Amino acid sequence: MIKAILIDIDDTILDFKKSSKKAFINTIKDFNLTYKDEYFSYFEQINSDLWRDQKLGKISIKNLFKKRSAMMIEYLGLGEDNNFFTETFSENLSHQAILVDGIEDLLSYLNNKYKLYAASNSVYKRQVSRLIKANLYNFFDGIFVSDTLGYEKPDRKFFEKIIDQIDFNKNEVIMIGDSLKSDIVGAKNAQIKSIWFSEKDTENKIYNYKVKNLSEIKKIL
């Protein structure tokens with residue numbers, strides 16, 4: 001019987017693309033530049049490539065941020081310290097909390113039936129700030145983020161460390177997330193059940209359930 005739910009934050013609870021675009025525009029203004037769509041397109045491409053590599057275990061999140069910052073500094077011709085772009089963008093992102101459609105209703109439903117925990121690859125302080133800003137923080141019994149856990153999804157140790165802290169058996173826990181490589185592969189690595197939230201399809205049926213809309217999860221849990 002499921003007693004506890006782990007749920008990813010970016011693109012499952014909070015819309016990362018919309019949030020990151022607003023944060024990016026504000027970051028460009030902080031550098032006294034005029035925003036151009038091509039700037040954000042470049043940022044989206046390198047960000048996507050780097051996070052793909054992270055999910056494949058090719059780069060750590062810490063190094064991802066450093067490399068992304070260095071690439072943006074070079075692209076924009078800023079000549080600033082490499083970390084400055086990431087620090088500025090991260091600060092702006094911490095103030096952005098655009099909800100994925102249907103998430104507030106789902107969290108309210110799940111919170112009445114299960115112990116609910118956020119499980120994210122990111123920076124703890126930033127994710128907590130965004131959940132508070134979105135008025136969602138109080139739905140959770142705990143917030144688990146890779147930079148404080150010391151492990152990143154899909155590493156099974158990320159999940160096992162959470163399970164040790166919440167004191168549930170693996171068969172009592174289920175993971176909800178949008179990333180097949182990070183959330184779903186990670187859950188399988190840790191031998192816990194999963195719900196893949198995605199409009200995509202795959203021949204690799206490593207998940208237990210799949211939904212295209214968050215409201216469908218009410219039929220499962």
# chains A, B, ... in the order shown; residues from 1 in each chain; ligands from 1
>>> residues_around(residues="Arg130 (chain A)", least_positions_apart="2", cutoff="7 Å", atoms="only C-alpha atoms", output="list in words")
Ser94, His95, Gln96, Ala97, Arg126, Gln127, Val128, Ile132, Lys133 and Ala134 of chain A
>>> write_last_selection(atoms="all heavy atoms", output="mmCIF file, in the first residue's frame")
data_model
loop_
_atom_site.group_PDB
_atom_site.id
_atom_site.type_symbol
_atom_site.label_atom_id
_atom_site.label_comp_id
_atom_site.auth_asym_id
_atom_site.auth_seq_id
_atom_site.Cartn_x
_atom_site.Cartn_y
_atom_site.Cartn_z
ATOM 1 N N SER A 94 14.638 32.299 -8.244
ATOM 2 C CA SER A 94 14.062 31.999 -6.923
ATOM 3 C C SER A 94 12.785 32.788 -6.665
ATOM 4 O O SER A 94 12.002 32.438 -5.778
ATOM 5 C CB SER A 94 15.088 32.289 -5.822
ATOM 6 O OG SER A 94 15.317 33.677 -5.691
ATOM 7 N N HIS A 95 12.565 33.841 -7.457
ATOM 8 C CA HIS A 95 11.361 34.666 -7.299
ATOM 9 C C HIS A 95 10.270 34.301 -8.300
ATOM 10 O O HIS A 95 9.211 34.943 -8.327
ATOM 11 C CB HIS A 95 11.715 36.144 -7.444
ATOM 12 C CG HIS A 95 12.696 36.627 -6.415
ATOM 13 N ND1 HIS A 95 12.410 36.670 -5.072
ATOM 14 C CD2 HIS A 95 13.979 37.047 -6.543
ATOM 15 C CE1 HIS A 95 13.458 37.125 -4.406
ATOM 16 N NE2 HIS A 95 14.432 37.343 -5.277
ATOM 17 N N GLN A 96 10.525 33.277 -9.125
ATOM 18 C CA GLN A 96 9.556 32.867 -10.140
ATOM 19 C C GLN A 96 8.885 31.552 -9.732
ATOM 20 O O GLN A 96 9.569 30.593 -9.399
ATOM 21 C CB GLN A 96 10.230 32.703 -11.499
ATOM 22 C CG GLN A 96 10.892 33.969 -12.019
ATOM 23 C CD GLN A 96 9.914 35.104 -12.227
ATOM 24 O OE1 GLN A 96 8.765 34.889 -12.592
ATOM 25 N NE2 GLN A 96 10.375 36.320 -11.987
ATOM 26 N N ALA A 97 7.568 31.534 -9.762
ATOM 27 C CA ALA A 97 6.850 30.328 -9.324
ATOM 28 C C ALA A 97 5.562 30.169 -10.133
ATOM 29 O O ALA A 97 4.449 30.348 -9.615
ATOM 30 C CB ALA A 97 6.541 30.413 -7.834
ATOM 31 N N ARG A 126 16.771 27.774 -3.269
ATOM 32 C CA ARG A 126 15.988 28.291 -4.378
ATOM 33 C C ARG A 126 14.648 27.576 -4.506
ATOM 34 O O ARG A 126 13.609 28.210 -4.691
ATOM 35 C CB ARG A 126 16.771 28.160 -5.687
ATOM 36 C CG ARG A 126 16.034 28.756 -6.888
ATOM 37 C CD ARG A 126 16.936 28.776 -8.101
ATOM 38 N NE ARG A 126 17.135 27.440 -8.651
ATOM 39 C CZ ARG A 126 18.146 27.130 -9.462
ATOM 40 N NH1 ARG A 126 19.052 28.027 -9.767
ATOM 41 N NH2 ARG A 126 18.250 25.918 -9.953
ATOM 42 N N GLN A 127 14.661 26.252 -4.396
ATOM 43 C CA GLN A 127 13.418 25.502 -4.560
ATOM 44 C C GLN A 127 12.426 25.787 -3.438
ATOM 45 O O GLN A 127 11.225 25.898 -3.675
ATOM 46 C CB GLN A 127 13.718 24.002 -4.660
ATOM 47 C CG GLN A 127 14.549 23.591 -5.874
ATOM 48 C CD GLN A 127 13.896 23.906 -7.198
ATOM 49 O OE1 GLN A 127 13.651 25.069 -7.525
ATOM 50 N NE2 GLN A 127 13.627 22.879 -7.984
ATOM 51 N N VAL A 128 12.936 25.915 -2.217
ATOM 52 C CA VAL A 128 12.065 26.257 -1.093
ATOM 53 C C VAL A 128 11.449 27.639 -1.307
ATOM 54 O O VAL A 128 10.248 27.840 -1.098
ATOM 55 C CB VAL A 128 12.830 26.203 0.243
ATOM 56 C CG1 VAL A 128 12.017 26.846 1.366
ATOM 57 C CG2 VAL A 128 13.174 24.769 0.608
ATOM 58 N N ILE A 132 7.417 28.416 -1.595
ATOM 59 C CA ILE A 132 6.779 29.384 -0.697
ATOM 60 C C ILE A 132 6.069 30.462 -1.506
ATOM 61 O O ILE A 132 4.919 30.822 -1.215
ATOM 62 C CB ILE A 132 7.818 30.014 0.257
ATOM 63 C CG1 ILE A 132 8.325 28.970 1.258
ATOM 64 C CG2 ILE A 132 7.219 31.214 1.000
ATOM 65 C CD1 ILE A 132 9.482 29.447 2.112
ATOM 66 N N LYS A 133 6.747 30.973 -2.516
ATOM 67 C CA LYS A 133 6.162 32.022 -3.362
ATOM 68 C C LYS A 133 4.899 31.518 -4.068
ATOM 69 O O LYS A 133 3.953 32.276 -4.285
ATOM 70 C CB LYS A 133 7.186 32.501 -4.388
ATOM 71 C CG LYS A 133 6.711 33.703 -5.203
ATOM 72 C CD LYS A 133 7.815 34.238 -6.084
ATOM 73 C CE LYS A 133 7.326 35.442 -6.898
ATOM 74 N NZ LYS A 133 6.950 36.576 -6.035
ATOM 75 N N ALA A 134 4.887 30.232 -4.406
ATOM 76 C CA ALA A 134 3.733 29.639 -5.096
ATOM 77 C C ALA A 134 2.616 29.252 -4.131
ATOM 78 O O ALA A 134 1.579 28.728 -4.555
ATOM 79 C CB ALA A 134 4.180 28.403 -5.872
#
>>> residues_around(residues="Lys193 (chain A)", least_positions_apart="3", cutoff="7 Å", atoms="only C-alpha atoms", output="number ranges by chain")
A: 173-175, 187-188, 208
>>> write_last_selection(atoms="N, CA and C atoms", output="short mmCIF file (atom, residue, chain, number, x, y, z; two decimals), in the first residue's frame")
data_model
loop_
_atom_site.label_atom_id
_atom_site.label_comp_id
_atom_site.auth_asym_id
_atom_site.auth_seq_id
_atom_site.Cartn_x
_atom_site.Cartn_y
_atom_site.Cartn_z
N VAL A 173 6.27 3.65 -1.17
CA VAL A 173 6.62 4.95 -1.76
C VAL A 173 6.44 4.92 -3.27
N ILE A 174 5.97 6.04 -3.83
CA ILE A 174 5.88 6.18 -5.28
C ILE A 174 6.41 7.54 -5.69
N MET A 175 7.08 7.59 -6.86
CA MET A 175 7.66 8.82 -7.38
C MET A 175 6.83 9.34 -8.55
N ALA A 187 13.80 6.16 -9.95
CA ALA A 187 12.88 5.39 -9.10
C ALA A 187 13.08 3.89 -9.32
N LYS A 188 13.23 3.50 -10.58
CA LYS A 188 13.45 2.08 -10.88
C LYS A 188 14.78 1.60 -10.27
N ASN A 208 5.56 2.51 -13.76
CA ASN A 208 4.38 1.72 -13.39
C ASN A 208 3.11 2.30 -13.97
#
>>> atom_distance(atom1="CA of Leu136 (chain A)", atom2="CA of Arg68 (chain A)")
28.8 Å
>>> residues_around(residues="Asp155 (chain A)", least_positions_apart="2", cutoff="12 Å", atoms="only C-alpha atoms", output="short mmCIF file (atom, residue, chain, number, x, y, z; two decimals) with N, CA and C atoms, in the first residue's frame")
data_model
loop_
_atom_site.label_atom_id
_atom_site.label_comp_id
_atom_site.auth_asym_id
_atom_site.auth_seq_id
_atom_site.Cartn_x
_atom_site.Cartn_y
_atom_site.Cartn_z
N GLN A 54 23.53 15.78 -17.53
CA GLN A 54 23.45 15.51 -16.09
C GLN A 54 22.63 14.25 -15.82
N LYS A 55 21.53 14.11 -16.51
CA LYS A 55 20.67 12.94 -16.30
C LYS A 55 21.34 11.65 -16.75
N LEU A 56 22.30 11.79 -17.66
CA LEU A 56 23.06 10.63 -18.12
C LEU A 56 24.31 10.40 -17.28
N GLY A 57 24.50 11.24 -16.27
CA GLY A 57 25.64 11.08 -15.37
C GLY A 57 26.95 11.61 -15.92
N SER A 60 28.05 16.87 -13.20
CA SER A 60 27.36 17.13 -11.94
C SER A 60 26.56 18.42 -12.06
N ASN A 121 16.27 17.80 -8.25
CA ASN A 121 17.67 18.05 -8.58
C ASN A 121 17.84 19.56 -8.73
N SER A 146 18.88 17.85 -4.24
CA SER A 146 20.16 17.16 -4.45
C SER A 146 21.35 17.83 -3.77
N LEU A 149 21.20 16.72 -0.20
CA LEU A 149 21.25 15.25 -0.04
C LEU A 149 22.63 14.70 -0.37
N GLY A 150 23.32 15.36 -1.29
CA GLY A 150 24.64 14.88 -1.69
C GLY A 150 24.61 13.92 -2.86
N TYR A 151 23.41 13.65 -3.39
CA TYR A 151 23.25 12.76 -4.55
C TYR A 151 22.23 13.38 -5.50
N GLU A 152 22.32 13.03 -6.77
CA GLU A 152 21.44 13.57 -7.79
C GLU A 152 20.66 12.44 -8.47
N LYS A 153 19.38 12.70 -8.77
CA LYS A 153 18.64 11.76 -9.61
C LYS A 153 19.35 11.63 -10.95
N LYS A 157 20.91 6.32 -4.78
CA LYS A 157 21.20 6.80 -3.42
C LYS A 157 20.41 8.07 -3.09
N PHE A 158 20.06 8.84 -4.12
CA PHE A 158 19.20 10.02 -3.92
C PHE A 158 17.88 9.58 -3.28
N PHE A 159 17.29 8.53 -3.84
CA PHE A 159 16.01 8.04 -3.36
C PHE A 159 16.15 7.28 -2.04
N GLU A 160 17.18 6.49 -1.94
CA GLU A 160 17.37 5.69 -0.73
C GLU A 160 17.62 6.57 0.48
N LYS A 161 18.33 7.67 0.29
CA LYS A 161 18.59 8.58 1.40
C LYS A 161 17.29 9.23 1.86
N ILE A 162 16.43 9.56 0.91
CA ILE A 162 15.12 10.13 1.27
C ILE A 162 14.30 9.10 2.05
N LYS A 181 14.45 9.98 -17.73
CA LYS A 181 15.83 9.62 -17.39
C LYS A 181 16.19 9.92 -15.94
N SER A 182 15.59 10.94 -15.38
CA SER A 182 15.94 11.35 -14.02
C SER A 182 14.98 10.77 -12.99
N ASP A 183 13.70 11.08 -13.10
CA ASP A 183 12.72 10.65 -12.10
C ASP A 183 12.36 9.17 -12.20
N ILE A 184 12.09 8.71 -13.40
CA ILE A 184 11.56 7.36 -13.57
C ILE A 184 12.67 6.31 -13.54
N VAL A 185 13.76 6.56 -14.26
CA VAL A 185 14.90 5.65 -14.18
C VAL A 185 15.45 5.62 -12.75
N GLY A 186 15.50 6.78 -12.12
CA GLY A 186 15.97 6.85 -10.74
C GLY A 186 15.12 6.05 -9.79
N ALA A 187 13.80 6.16 -9.95
CA ALA A 187 12.88 5.39 -9.10
C ALA A 187 13.08 3.89 -9.32
N LYS A 188 13.23 3.50 -10.58
CA LYS A 188 13.45 2.08 -10.88
C LYS A 188 14.78 1.60 -10.27
N ASN A 189 15.82 2.45 -10.36
CA ASN A 189 17.11 2.11 -9.77
C ASN A 189 16.99 1.86 -8.27
N ALA A 190 16.09 2.62 -7.65
CA ALA A 190 15.89 2.50 -6.20
C ALA A 190 14.81 1.49 -5.84
N GLN A 191 14.22 0.86 -6.86
CA GLN A 191 13.19 -0.16 -6.67
C GLN A 191 11.94 0.39 -5.99
#
>>> select_by_dssp(residues="region 65-118 of chain A", states="strand (DSSP E or B)", output="number ranges by chain")
A: 99, 115-118
>>> write_last_selection(atoms="C-alpha atoms", output="PDB file, in the first residue's frame")
ATOM      1  CA  LEU A  99       2.394  26.593 -11.617  1.00  0.00           C
ATOM      2  CA  LYS A 115       2.679  11.922   3.265  1.00  0.00           C
ATOM      3  CA  LEU A 116       3.943  14.234   0.536  1.00  0.00           C
ATOM      4  CA  TYR A 117       7.593  15.080  -0.194  1.00  0.00           C
ATOM      5  CA  ALA A 118       9.204  17.210  -2.913  1.00  0.00           C
TER       6      ALA A 118
END
>>> residues_around(residues="region 15-32 of chain A", least_positions_apart="3", cutoff="7 Å", atoms="only C-alpha atoms", output="CSV table (one decimal) with C-alpha atoms, in the first residue's frame")
chain,number,residue,atom,x,y,z
A,10,ASP,CA,10.5,21.5,-12.1
A,11,ASP,CA,8.0,20.8,-14.9
A,35,TYR,CA,16.5,41.3,-24.2
A,88,THR,CA,22.2,36.5,-10.9
A,89,PHE,CA,20.0,34.1,-12.8
A,92,ASN,CA,15.9,35.9,-10.3
A,93,LEU,CA,14.7,32.3,-10.7
A,96,GLN,CA,9.6,32.9,-10.1
A,97,ALA,CA,6.8,30.3,-9.3
A,98,ILE,CA,4.6,29.7,-12.3
A,99,LEU,CA,2.4,26.6,-11.6
A,100,VAL,CA,2.0,23.6,-13.9
>>> residues_around(residues="Asp201 (chain A)", least_positions_apart="6", cutoff="12 Å", atoms="only C-alpha atoms", output="list in words")
Asp178, Ser179, Leu180, Tyr207, Tyr209, Lys210, Val211 and Lys212 of chain A
>>> atom_distance(atom1="CA of Glu199 (chain A)", atom2="CA of Asn213 (chain A)")
8.2 Å
>>> closest_residue(among="A:Leu106, A:Asn204, A:Ser122, A:Gly79", to="Lys219 (chain A)", atoms="only C-alpha atoms")
A:Leu106
>>> closest_residue(among="A:Phe43, A:Arg156, A:Met1, A:Trp51", to="Ala70 (chain A)", atoms="only C-alpha atoms")
A:Phe43
>>> closest_residue(among="A:Asn47, A:Ser215, A:Ser90, A:Ser198", to="Tyr124 (chain A)", atoms="only C-alpha atoms")
A:Ser90
>>> select_by_dssp(residues="region 100-133 of chain A", states="helix (DSSP H, G or I)", output="ChimeraX atom specification")
/A:103-111,124-133
>>> atom_distance(atom1="CA of Asp101 (chain A)", atom2="CA of Ile5 (chain A)")
19.1 Å
>>> closest_residue(among="A:Leu6, A:Gly102, A:Met72, A:Gly177", to="Gly142 (chain A)", atoms="only C-alpha atoms")
A:Leu6
>>> residues_around(residues="Ile46 (chain A)", least_positions_apart="5", cutoff="12 Å", atoms="only C-alpha atoms", output="JSON, numbers by chain")
{"A": [39, 40, 41, 51, 52, 53, 64, 65, 67, 68, 69, 70, 71, 72, 75]}
>>> write_last_selection(atoms="N, CA and C atoms", output="CSV table (one decimal), in the first residue's frame")
chain,number,residue,atom,x,y,z
A,39,TYR,N,18.7,35.4,-27.5
A,39,TYR,CA,19.5,35.1,-26.3
A,39,TYR,C,18.9,34.0,-25.5
A,40,PHE,N,17.5,34.0,-25.4
A,40,PHE,CA,16.9,33.0,-24.6
A,40,PHE,C,16.9,31.7,-25.4
A,41,SER,N,16.8,31.7,-26.7
A,41,SER,CA,16.9,30.5,-27.5
A,41,SER,C,18.2,29.8,-27.3
A,51,TRP,N,21.5,19.7,-19.0
A,51,TRP,CA,20.7,18.9,-18.2
A,51,TRP,C,20.5,17.4,-18.7
A,52,ARG,N,20.5,17.3,-20.0
A,52,ARG,CA,20.5,15.9,-20.6
A,52,ARG,C,21.7,15.2,-20.2
A,53,ASP,N,22.9,15.8,-20.2
A,53,ASP,CA,24.1,15.2,-19.8
A,53,ASP,C,24.1,14.9,-18.3
A,64,LEU,N,27.5,21.8,-14.0
A,64,LEU,CA,26.5,22.2,-15.0
A,64,LEU,C,26.3,23.7,-14.9
A,65,PHE,N,26.1,24.2,-13.7
A,65,PHE,CA,25.9,25.6,-13.5
A,65,PHE,C,27.1,26.4,-13.9
A,67,LYS,N,29.4,25.6,-16.1
A,67,LYS,CA,29.6,25.6,-17.6
A,67,LYS,C,28.6,26.4,-18.3
A,68,ARG,N,27.3,26.4,-17.8
A,68,ARG,CA,26.3,27.2,-18.4
A,68,ARG,C,26.6,28.7,-18.2
A,69,SER,N,27.0,29.0,-17.0
A,69,SER,CA,27.4,30.4,-16.8
A,69,SER,C,28.5,30.9,-17.7
A,70,ALA,N,29.6,30.1,-17.8
A,70,ALA,CA,30.7,30.4,-18.7
A,70,ALA,C,30.3,30.6,-20.1
A,71,MET,N,29.4,29.7,-20.6
A,71,MET,CA,28.9,29.8,-22.0
A,71,MET,C,28.1,31.0,-22.2
A,72,MET,N,27.3,31.4,-21.3
A,72,MET,CA,26.4,32.6,-21.4
A,72,MET,C,27.3,33.8,-21.4
A,75,TYR,N,28.9,34.0,-24.7
A,75,TYR,CA,28.0,34.3,-25.8
A,75,TYR,C,27.5,35.8,-25.8
>>> closest_residue(among="A:Ile176, A:Ile217, A:Tyr42, A:Ser194", to="Thr12 (chain A)", atoms="only C-alpha atoms")
A:Ile176
>>> decode(residues="region 117-149 of chain A", atoms="N, CA and C atoms", output="PDB file, in the first residue's frame")
ATOM      1  N   TYR A 117       6.234  14.546  -0.241  1.00  0.00           N
ATOM      2  CA  TYR A 117       7.593  15.080  -0.194  1.00  0.00           C
ATOM      3  C   TYR A 117       8.030  15.543  -1.586  1.00  0.00           C
ATOM      4  N   ALA A 118       8.611  16.739  -1.661  1.00  0.00           N
ATOM      5  CA  ALA A 118       9.204  17.210  -2.913  1.00  0.00           C
ATOM      6  C   ALA A 118      10.586  16.593  -3.054  1.00  0.00           C
ATOM      7  N   ALA A 119      10.948  16.211  -4.281  1.00  0.00           N
ATOM      8  CA  ALA A 119      12.241  15.560  -4.544  1.00  0.00           C
ATOM      9  C   ALA A 119      12.818  16.135  -5.829  1.00  0.00           C
ATOM     10  N   SER A 120      13.853  16.964  -5.708  1.00  0.00           N
ATOM     11  CA  SER A 120      14.316  17.765  -6.839  1.00  0.00           C
ATOM     12  C   SER A 120      15.821  17.755  -6.998  1.00  0.00           C
ATOM     13  N   ASN A 121      16.271  17.795  -8.251  1.00  0.00           N
ATOM     14  CA  ASN A 121      17.674  18.052  -8.581  1.00  0.00           C
ATOM     15  C   ASN A 121      17.841  19.561  -8.729  1.00  0.00           C
ATOM     16  N   SER A 122      18.372  20.207  -7.726  1.00  0.00           N
ATOM     17  CA  SER A 122      18.539  21.654  -7.827  1.00  0.00           C
ATOM     18  C   SER A 122      19.240  22.176  -6.582  1.00  0.00           C
ATOM     19  N   VAL A 123      18.938  23.432  -6.257  1.00  0.00           N
ATOM     20  CA  VAL A 123      19.499  24.099  -5.085  1.00  0.00           C
ATOM     21  C   VAL A 123      18.386  24.251  -4.050  1.00  0.00           C
ATOM     22  N   TYR A 124      18.633  23.770  -2.840  1.00  0.00           N
ATOM     23  CA  TYR A 124      17.593  23.710  -1.806  1.00  0.00           C
ATOM     24  C   TYR A 124      16.966  25.076  -1.544  1.00  0.00           C
ATOM     25  N   LYS A 125      17.779  26.070  -1.281  1.00  0.00           N
ATOM     26  CA  LYS A 125      17.272  27.396  -0.918  1.00  0.00           C
ATOM     27  C   LYS A 125      16.370  27.956  -2.009  1.00  0.00           C
ATOM     28  N   ARG A 126      16.771  27.774  -3.269  1.00  0.00           N
ATOM     29  CA  ARG A 126      15.988  28.291  -4.378  1.00  0.00           C
ATOM     30  C   ARG A 126      14.648  27.576  -4.506  1.00  0.00           C
ATOM     31  N   GLN A 127      14.661  26.252  -4.396  1.00  0.00           N
ATOM     32  CA  GLN A 127      13.418  25.502  -4.560  1.00  0.00           C
ATOM     33  C   GLN A 127      12.426  25.787  -3.438  1.00  0.00           C
ATOM     34  N   VAL A 128      12.936  25.915  -2.217  1.00  0.00           N
ATOM     35  CA  VAL A 128      12.065  26.257  -1.093  1.00  0.00           C
ATOM     36  C   VAL A 128      11.449  27.639  -1.307  1.00  0.00           C
ATOM     37  N   SER A 129      12.272  28.596  -1.746  1.00  0.00           N
ATOM     38  CA  SER A 129      11.784  29.945  -2.012  1.00  0.00           C
ATOM     39  C   SER A 129      10.668  29.944  -3.047  1.00  0.00           C
ATOM     40  N   ARG A 130      10.822  29.145  -4.084  1.00  0.00           N
ATOM     41  CA  ARG A 130       9.816  29.102  -5.148  1.00  0.00           C
ATOM     42  C   ARG A 130       8.523  28.441  -4.676  1.00  0.00           C
ATOM     43  N   LEU A 131       8.635  27.392  -3.874  1.00  0.00           N
ATOM     44  CA  LEU A 131       7.437  26.735  -3.345  1.00  0.00           C
ATOM     45  C   LEU A 131       6.680  27.648  -2.389  1.00  0.00           C
ATOM     46  N   ILE A 132       7.417  28.416  -1.595  1.00  0.00           N
ATOM     47  CA  ILE A 132       6.779  29.384  -0.697  1.00  0.00           C
ATOM     48  C   ILE A 132       6.069  30.462  -1.506  1.00  0.00           C
ATOM     49  N   LYS A 133       6.747  30.973  -2.516  1.00  0.00           N
ATOM     50  CA  LYS A 133       6.162  32.022  -3.362  1.00  0.00           C
ATOM     51  C   LYS A 133       4.899  31.518  -4.068  1.00  0.00           C
ATOM     52  N   ALA A 134       4.887  30.232  -4.406  1.00  0.00           N
ATOM     53  CA  ALA A 134       3.733  29.639  -5.096  1.00  0.00           C
ATOM     54  C   ALA A 134       2.616  29.252  -4.131  1.00  0.00           C
ATOM     55  N   ASN A 135       2.827  29.477  -2.834  1.00  0.00           N
ATOM     56  CA  ASN A 135       1.865  29.096  -1.791  1.00  0.00           C
ATOM     57  C   ASN A 135       1.605  27.585  -1.767  1.00  0.00           C
ATOM     58  N   LEU A 136       2.660  26.818  -2.043  1.00  0.00           N
ATOM     59  CA  LEU A 136       2.543  25.359  -2.057  1.00  0.00           C
ATOM     60  C   LEU A 136       3.365  24.694  -0.953  1.00  0.00           C
ATOM     61  N   TYR A 137       4.213  25.439  -0.296  1.00  0.00           N
ATOM     62  CA  TYR A 137       5.161  24.870   0.672  1.00  0.00           C
ATOM     63  C   TYR A 137       4.474  24.046   1.760  1.00  0.00           C
ATOM     64  N   ASN A 138       3.344  24.517   2.240  1.00  0.00           N
ATOM     65  CA  ASN A 138       2.674  23.851   3.365  1.00  0.00           C
ATOM     66  C   ASN A 138       2.016  22.523   2.989  1.00  0.00           C
ATOM     67  N   PHE A 139       1.973  22.208   1.722  1.00  0.00           N
ATOM     68  CA  PHE A 139       1.449  20.901   1.316  1.00  0.00           C
ATOM     69  C   PHE A 139       2.433  19.774   1.655  1.00  0.00           C
ATOM     70  N   PHE A 140       3.704  20.115   1.854  1.00  0.00           N
ATOM     71  CA  PHE A 140       4.740  19.091   1.951  1.00  0.00           C
ATOM     72  C   PHE A 140       5.169  18.781   3.391  1.00  0.00           C
ATOM     73  N   ASP A 141       5.437  17.494   3.601  1.00  0.00           N
ATOM     74  CA  ASP A 141       5.977  17.033   4.883  1.00  0.00           C
ATOM     75  C   ASP A 141       7.494  17.116   4.888  1.00  0.00           C
ATOM     76  N   GLY A 142       8.087  17.366   3.730  1.00  0.00           N
ATOM     77  CA  GLY A 142       9.532  17.507   3.630  1.00  0.00           C
ATOM     78  C   GLY A 142       9.937  17.911   2.224  1.00  0.00           C
ATOM     79  N   ILE A 143      11.066  18.616   2.122  1.00  0.00           N
ATOM     80  CA  ILE A 143      11.612  19.043   0.834  1.00  0.00           C
ATOM     81  C   ILE A 143      13.010  18.446   0.711  1.00  0.00           C
ATOM     82  N   PHE A 144      13.237  17.631  -0.306  1.00  0.00           N
ATOM     83  CA  PHE A 144      14.541  16.992  -0.511  1.00  0.00           C
ATOM     84  C   PHE A 144      15.133  17.452  -1.839  1.00  0.00           C
ATOM     85  N   VAL A 145      16.334  18.033  -1.764  1.00  0.00           N
ATOM     86  CA  VAL A 145      16.982  18.595  -2.951  1.00  0.00           C
ATOM     87  C   VAL A 145      18.413  18.073  -3.024  1.00  0.00           C
ATOM     88  N   SER A 146      18.882  17.846  -4.235  1.00  0.00           N
ATOM     89  CA  SER A 146      20.156  17.159  -4.449  1.00  0.00           C
ATOM     90  C   SER A 146      21.346  17.829  -3.772  1.00  0.00           C
ATOM     91  N   ASP A 147      21.362  19.168  -3.725  1.00  0.00           N
ATOM     92  CA  ASP A 147      22.563  19.815  -3.183  1.00  0.00           C
ATOM     93  C   ASP A 147      22.729  19.606  -1.682  1.00  0.00           C
ATOM     94  N   THR A 148      21.627  19.312  -0.978  1.00  0.00           N
ATOM     95  CA  THR A 148      21.740  19.006   0.449  1.00  0.00           C
ATOM     96  C   THR A 148      21.771  17.498   0.711  1.00  0.00           C
ATOM     97  N   LEU A 149      21.198  16.715  -0.198  1.00  0.00           N
ATOM     98  CA  LEU A 149      21.249  15.255  -0.042  1.00  0.00           C
ATOM     99  C   LEU A 149      22.628  14.698  -0.365  1.00  0.00           C
TER     100      LEU A 149
END
